[in-house]
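Participant: What follows is a single structure, and I will ask about it in a moment.
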Amino acid sequence: MLKFLLICTLAVASRAEIAEEEDVLVLRKSNFDEALKAHPNLLVEFYAPWCGHCKALAPEYAKAAGMLKAEGSEVRLGKVDATEETELAQEFGVRGYPTIKFFKGGEKESPKEYSAGRQADDIVSWLKKRTGPAVATLAGVSEAESLIADNEVAVIGFFKDADSADAKAFEKAAEATDDIPYAIAADDAIYSKFEVSKDSVVLFKKFDEGRNTFDGELTKENLLAFVKANQLPLVIEFTEQTAPKIFGGEIKSHILMFLPKAASDFQDKMDQFKKAAEGFKGRILFIFIDSDVDDNQRILEFFGLKKEECPAIRLITLEDEMTKYKPESNAITAEGITAFCTQFTDGKLKPHLMSQDIPDDWDKTPVKVLVGKNFEEVAFDPSKNVFVEFYAPWCGHCKQLTPIWEKLGEKYKSSADIVVAKMDSTANEIEAVKVHSFPTLKFFPAGDERKVIDYNGERTLEGFTKFLESGGKDGGAPAGDDEDDLDADVACTFFLKQNKKAVADRYRNCFSKLPQAV
C-alpha cells in the first residue's frame with residue numbers, strides 16, 4: 001500500500017512540474033512525454049526568445065490557450081524554447097521560428113504542421129477542425145448565428161437529406177479544409193432565416209459581400225475551388241497576422257499595391273485596386289502593403305522600391321522560382337491594373353529584372369562591381385574567367401567574406417584573364433543566374449559555352465586561389481548540382497530549391513523586418 005501511494009505521489013509530482021505561463025504549458029525535454037500523456041491533443045510552438053515573429057504571436061497564442069481552457073477543451077497549447085531545448089527542437093526538425101506542430105492522440109511520431117493564421121480565433125478553429133468532426137450539425141437558428149458570428153469565414157451546407165450525394169461531397173470538402181468551419185443545416189427555420197429556398201452551400205464572411213452562394217455541380221473539387229476563391233477579402237492587407245493566410249493558400253500569383261495609408265487619395269486608390277480584383281478572384285491574390293510601416297521596408301527593398309517611389313504596383317509568382325513583374329505605367333486605375341493582370345494571365349508579360357545603374361568606377365577597383373545592366377557583358381566575356389560573389393548588404397556571412405574577397409581581387413588585379421567581381425543581389429537580378437542564398441559564389445570560365453560553375457570549397461584565400469588556378473575544378477561543381485549548404489547562414493537564405501511550401505515560407509521571410517530563422 002505504501003509503495004502504491006509513493007508511486008501515485010511521484011506521478012502527481014511529475015505532472016505538477018509542467019508549469020504554465022498564461023495558460024500555455026512550458027515544455028522541456030524532461031517533461032515533454034509526460035505532457036503528451038496528460039494532454040494527448042497538444043499544439044506546441046517551438047520559439048526563440050529573440051524572434052520577432054514569436055513575440056508577435058505570443059499574445060494571440062496565449063489568448064487561444066485561454067479560450068480552449070475556459071471551454072473545458074481537452075486540447076492544450078504548449079511552448080518550447082528551442083534555443084534552450086536544442087535536442088527537442090532537433091528531434092522534431094525545427095529549422096525556423098516559430099515552428100508550430102500539433103500532436104494528436106499522444107503520438108510523437110509525425111506531428112501535423114500548423115498551417116492556419118496566427119490570430120487566436122484561427123488557432124482555435126484549426127484545432128477544433130483537427131480534433132472534432134469535419135462537419136458540425138446545426139440544430140437551430142441560434143447555433144447557425146453563433147457559428148457565423150464567431151468566425152470570420154464559415155461554410156454552411158443547406159441539405160434536407162444528410163445522406164445525399166451533394167451532402168457527402170460537402171463533407172469530403174470539409175475534411176480537406178483545415179482553417180474554416182463547415183456545418184450542415186436541415187431545419188426549415190434556418191433556411192428561412194438565411195433566405196435559402198433550396199439545397200445549396202453558402203459561404204458567410206465578415207467582409208466584402210458578406211456571403212457567397214455556390215453555383216454549379218457540387219463536387220469536392222468544385223466546392224474547394226469556390227471556397228478558395230471567396231475565403232479571403234478582395235484586397236488583403238499584409239500584416240504579421242495575415243501572412244500565413246496569404247502565403248499558405250493555393251493562390252500563387254500575387255499583385256501588391258504599395259501605398260501609405262496616410263495618403264490623401266488612399267481610399268480612391270484602394271477602391272480602384274479592389275474593383276480590379278473582382279475579375280481575378282481565385283486566380284490572383286490582391287495584397288495591400290502600407291509603405292510607411294517600418295517593418296515593411298524589407299518588402300520594398302525586395303522589389304527594388306523606395307518609399308518615395310510609392311504608390312507602386314508589382315506582381316510576383318510563387319512557383320519554383322519567384323518571378324516579378326512591373327506595369328509600364330505607375331498610374332493606379334482599375335482599368336490599368338485589369339489590363340496588366342490580363343496580360344499576365346495570358347502569358348504576355350516579360351519578367352521585371354531589377355538593376356542599379358552602372359557605377360562610373362565599377363572597374364576601377366580590384367573587385368569589379370557588377371549590376372544587372374553590365375553583368376552579361378562582363379561575366380560572359382569569352383576572353384575572361386570571371387569569379388563573382390552574389391551578396392546581400394545585410395548578410396553576416398557576406399560581411400565576414402568581404403576582406404578575403406578583397407584580398408583575392410588584389411591578388412588578381414593585374415591578371416590578363418581573371419576577373420574578381422561582386423554583385424548586390426538584393427538590388428540586381430539576372431535571368432541567367434538564380435541566387436538561392438547569400439553569399440553565392442559562381443565562376444564563369446572563358447569561352448563561348450556560357451558555362452557556370454558553383455564554388456563549394458573553403459571560403460579562404462588559399463581555397464579561392466586553388467579554385468581559380470585549376471580553372472574552376474578544385475572546389476567547383478556544375479551550377480545547379482550542389483546541395484544546400486546546411487552550415488550556411490539560413491537567415492540569409494531567401495530562396496530554397498525545395499517544394500513550393502518552402503519557397504512560400506522563404507518568400508514570407510523576405511516580407512519581414514528581419515528574416516527569423518535558425
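Labels used: A, B, ... for chains in the order of the C-alpha cells, numbers from 1 for residues in each chain, and numbers from 1 for ligands as shown.
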Going by DSSP on the backbone, which residues of region 93-320 of chain A come out as alpha helix (DSSP H)? List them as a VMD selection string.

Facilitator: chain A and resid 120 to 131 141 to 150 165 to 175 188 to 193 220 to 230 243 to 248 266 to 277 297 to 302

Participant: Please list as a ChimeraX atom specification every residue within 8 Å of region 121-138 of chain A, counting only C-alpha atoms and excluding residues in the same chain fewer than 3 positions away.

Facilitator: /A:41,61,64,67-68,75,104,116-118,141,143-144,151,171,174-175,178-186

Participant: Using the selection just defined, write its residues with N, CA, C and O atoms as an mmCIF file, in the first residue's frame.

Facilitator:
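Output (selection_25.cif):
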data_model
loop_
_atom_site.group_PDB
_atom_site.id
_atom_site.type_symbol
_atom_site.label_atom_id
_atom_site.label_comp_id
_atom_site.auth_asym_id
_atom_site.auth_seq_id
_atom_site.Cartn_x
_atom_site.Cartn_y
_atom_site.Cartn_z
ATOM 1 N N ASN A 41 -3.883 15.671 -27.038
ATOM 2 C CA ASN A 41 -4.011 16.594 -28.165
ATOM 3 C C ASN A 41 -3.344 17.908 -27.788
ATOM 4 O O ASN A 41 -3.905 18.709 -27.030
ATOM 5 N N TYR A 61 -1.365 33.538 -29.176
ATOM 6 C CA TYR A 61 -1.188 32.139 -28.783
ATOM 7 C C TYR A 61 -1.716 31.917 -27.364
ATOM 8 O O TYR A 61 -2.444 30.955 -27.097
ATOM 9 N N ALA A 64 -5.530 32.097 -27.330
ATOM 10 C CA ALA A 64 -6.123 30.843 -27.808
ATOM 11 C C ALA A 64 -6.075 29.776 -26.726
ATOM 12 O O ALA A 64 -7.046 29.027 -26.524
ATOM 13 N N MET A 67 -8.793 30.527 -24.263
ATOM 14 C CA MET A 67 -10.124 30.241 -24.811
ATOM 15 C C MET A 67 -10.444 28.750 -24.706
ATOM 16 O O MET A 67 -11.535 28.353 -24.290
ATOM 17 N N LEU A 68 -9.489 27.908 -25.082
ATOM 18 C CA LEU A 68 -9.696 26.465 -25.032
ATOM 19 C C LEU A 68 -9.818 25.965 -23.594
ATOM 20 O O LEU A 68 -10.652 25.102 -23.288
ATOM 21 N N VAL A 75 -7.951 19.911 -25.577
ATOM 22 C CA VAL A 75 -6.808 20.385 -26.358
ATOM 23 C C VAL A 75 -6.062 21.450 -25.568
ATOM 24 O O VAL A 75 -6.670 22.385 -25.049
ATOM 25 N N LYS A 104 -1.357 14.695 -31.964
ATOM 26 C CA LYS A 104 -2.713 14.177 -31.761
ATOM 27 C C LYS A 104 -2.680 12.767 -31.195
ATOM 28 O O LYS A 104 -1.883 11.932 -31.627
ATOM 29 N N ALA A 116 -2.534 27.328 -40.346
ATOM 30 C CA ALA A 116 -3.547 28.393 -40.453
ATOM 31 C C ALA A 116 -2.984 29.733 -39.986
ATOM 32 O O ALA A 116 -1.777 29.911 -39.857
ATOM 33 N N GLY A 117 -3.882 30.694 -39.710
ATOM 34 C CA GLY A 117 -3.473 32.041 -39.337
ATOM 35 C C GLY A 117 -2.904 32.119 -37.929
ATOM 36 O O GLY A 117 -2.919 31.138 -37.175
ATOM 37 N N ARG A 118 -2.432 33.302 -37.560
ATOM 38 C CA ARG A 118 -1.774 33.465 -36.266
ATOM 39 C C ARG A 118 -2.561 34.359 -35.314
ATOM 40 O O ARG A 118 -1.989 35.032 -34.465
ATOM 41 N N VAL A 141 -31.566 27.999 -35.344
ATOM 42 C CA VAL A 141 -31.114 29.297 -35.842
ATOM 43 C C VAL A 141 -30.010 29.878 -34.969
ATOM 44 O O VAL A 141 -29.030 30.434 -35.466
ATOM 45 N N GLU A 143 -27.712 28.456 -33.219
ATOM 46 C CA GLU A 143 -26.417 27.820 -33.460
ATOM 47 C C GLU A 143 -25.804 28.315 -34.770
ATOM 48 O O GLU A 143 -24.589 28.534 -34.854
ATOM 49 N N ALA A 144 -26.635 28.485 -35.778
ATOM 50 C CA ALA A 144 -26.148 28.995 -37.060
ATOM 51 C C ALA A 144 -25.640 30.425 -36.906
ATOM 52 O O ALA A 144 -24.581 30.794 -37.438
ATOM 53 N N ASN A 151 -16.873 33.352 -36.352
ATOM 54 C CA ASN A 151 -15.832 33.056 -37.334
ATOM 55 C C ASN A 151 -15.816 34.087 -38.449
ATOM 56 O O ASN A 151 -16.867 34.544 -38.894
ATOM 57 N N GLU A 171 -19.176 17.090 -47.241
ATOM 58 C CA GLU A 171 -18.405 16.542 -46.124
ATOM 59 C C GLU A 171 -16.961 16.258 -46.527
ATOM 60 O O GLU A 171 -16.028 16.505 -45.760
ATOM 61 N N ALA A 174 -15.078 19.451 -46.588
ATOM 62 C CA ALA A 174 -14.811 19.887 -45.214
ATOM 63 C C ALA A 174 -13.609 19.159 -44.633
ATOM 64 O O ALA A 174 -12.774 19.748 -43.935
ATOM 65 N N GLU A 175 -13.504 17.865 -44.915
ATOM 66 C CA GLU A 175 -12.389 17.070 -44.397
ATOM 67 C C GLU A 175 -11.054 17.527 -44.975
ATOM 68 O O GLU A 175 -10.002 17.336 -44.363
ATOM 69 N N ASP A 178 -8.631 22.832 -43.430
ATOM 70 C CA ASP A 178 -8.164 22.913 -42.046
ATOM 71 C C ASP A 178 -8.682 24.119 -41.276
ATOM 72 O O ASP A 178 -8.925 24.044 -40.078
ATOM 73 N N ASP A 179 -8.793 25.245 -41.951
ATOM 74 C CA ASP A 179 -8.918 26.509 -41.221
ATOM 75 C C ASP A 179 -10.281 27.190 -41.291
ATOM 76 O O ASP A 179 -10.433 28.305 -40.817
ATOM 77 N N ILE A 180 -11.276 26.519 -41.874
ATOM 78 C CA ILE A 180 -12.615 27.119 -41.988
ATOM 79 C C ILE A 180 -13.648 26.125 -41.474
ATOM 80 O O ILE A 180 -13.642 24.959 -41.887
ATOM 81 N N PRO A 181 -14.551 26.539 -40.580
ATOM 82 C CA PRO A 181 -15.583 25.614 -40.080
ATOM 83 C C PRO A 181 -16.674 25.360 -41.112
ATOM 84 O O PRO A 181 -17.111 26.271 -41.807
ATOM 85 N N TYR A 182 -17.094 24.114 -41.201
ATOM 86 C CA TYR A 182 -18.189 23.695 -42.073
ATOM 87 C C TYR A 182 -19.326 23.178 -41.190
ATOM 88 O O TYR A 182 -19.073 22.516 -40.173
ATOM 89 N N ALA A 183 -20.545 23.417 -41.593
ATOM 90 C CA ALA A 183 -21.693 22.914 -40.843
ATOM 91 C C ALA A 183 -22.832 22.589 -41.805
ATOM 92 O O ALA A 183 -22.916 23.151 -42.908
ATOM 93 N N ILE A 184 -23.705 21.682 -41.380
ATOM 94 C CA ILE A 184 -24.873 21.300 -42.173
ATOM 95 C C ILE A 184 -26.133 21.729 -41.440
ATOM 96 O O ILE A 184 -26.246 21.585 -40.210
ATOM 97 N N ALA A 185 -27.073 22.274 -42.202
ATOM 98 C CA ALA A 185 -28.368 22.688 -41.653
ATOM 99 C C ALA A 185 -29.492 22.039 -42.446
ATOM 100 O O ALA A 185 -29.451 22.012 -43.682
ATOM 101 N N ALA A 186 -30.483 21.518 -41.718
ATOM 102 C CA ALA A 186 -31.649 20.916 -42.369
ATOM 103 C C ALA A 186 -32.954 21.536 -41.882
ATOM 104 O O ALA A 186 -34.007 21.335 -42.501
#

Participant: Which residue out of A:Thr402, A:Arg459, A:Glu429, A:Ala416 has the minimum interatomic distance to Ser355 (chain A) when only C-alpha atoms are used?

Facilitator: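 Selected residue with least distance to Ser355 (chain A): A:Glu429.
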
Participant: Between A:Phe443, A:Phe226, A:Phe170, A:Phe266, which one has atoms that come closest to Ala379 (chain A), using only C-alpha atoms?

Facilitator: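 Closest residue, counting only C-alpha atoms: A:Phe443.
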
Participant: Mind giving me the straight-line distance from CA of Ala432 (chain A) to CA of Ile358 (chain A) in Å, one decimal?

Facilitator: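 A separation of 18.5 Å between them.
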
Participant: With distances taken over only C-alpha atoms, which of A:Ser329, A:Met257, A:Leu300, A:Ile284 is nearest to Phe344 (chain A)?

Facilitator: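 Going through A:Ser329, A:Met257, A:Leu300, A:Ile284 one by one, the smallest distance to Phe344 (chain A) is for A:Ile284.
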
Participant: I need the strand (DSSP E) residues of region 178-293 of chain A per DSSP on the backbone, written as number ranges by chain.

Facilitator: A: 182-185, 200-205, 211-213, 235-237, 253-258, 285-289

Participant: Skip region 389-398 of chain A itself and residues of its chain fewer than 5 positions away, then list as a ChimeraX atom specification all residues within 12 Å of it, counting only C-alpha atoms.

Facilitator: /A:298,301-302,367-372,375,379,403-406,408-409,419-430,433-444,454-455,459,464,487-494,513-515

Participant: Pick out the residues sitting within 9 Å of Asp166 (chain A), and hand them over as a ChimeraX atom specification; count only C-alpha atoms, and ignore anything fewer than 4 positions along from it in its own chain.

Facilitator: /A:159,162,170-171,199-200,217-219

Participant: Measuring atom to atom with only C-alpha atoms, identify which of A:Arg314, A:Arg76, A:Arg211, A:Arg450 is nearest to Leu36 (chain A).

Facilitator: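 So, comparing all the options, the nearest one is A:Arg76.
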
Participant: At what distance in Å, to one decimal, does CA of Lys274 (chain A) lie from CA of Asp208 (chain A)?

Facilitator: 9.9 Å

Participant: Counting only C-alpha atoms, which of A:Tyr191, A:Tyr114, A:Phe238, A:Phe102 gets nearest to Ala139 (chain A)?

Facilitator: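 Closest to Ala139 (chain A) of all the choices is A:Tyr191.
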
Participant: Return the single residue from A:Lys324, A:Lys275, A:Lys206, A:Lys79 that is closest to Ile255 (chain A), with distances computed using only C-alpha atoms.

Facilitator: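 Closest to Ile255 (chain A) of all the choices is A:Lys324.
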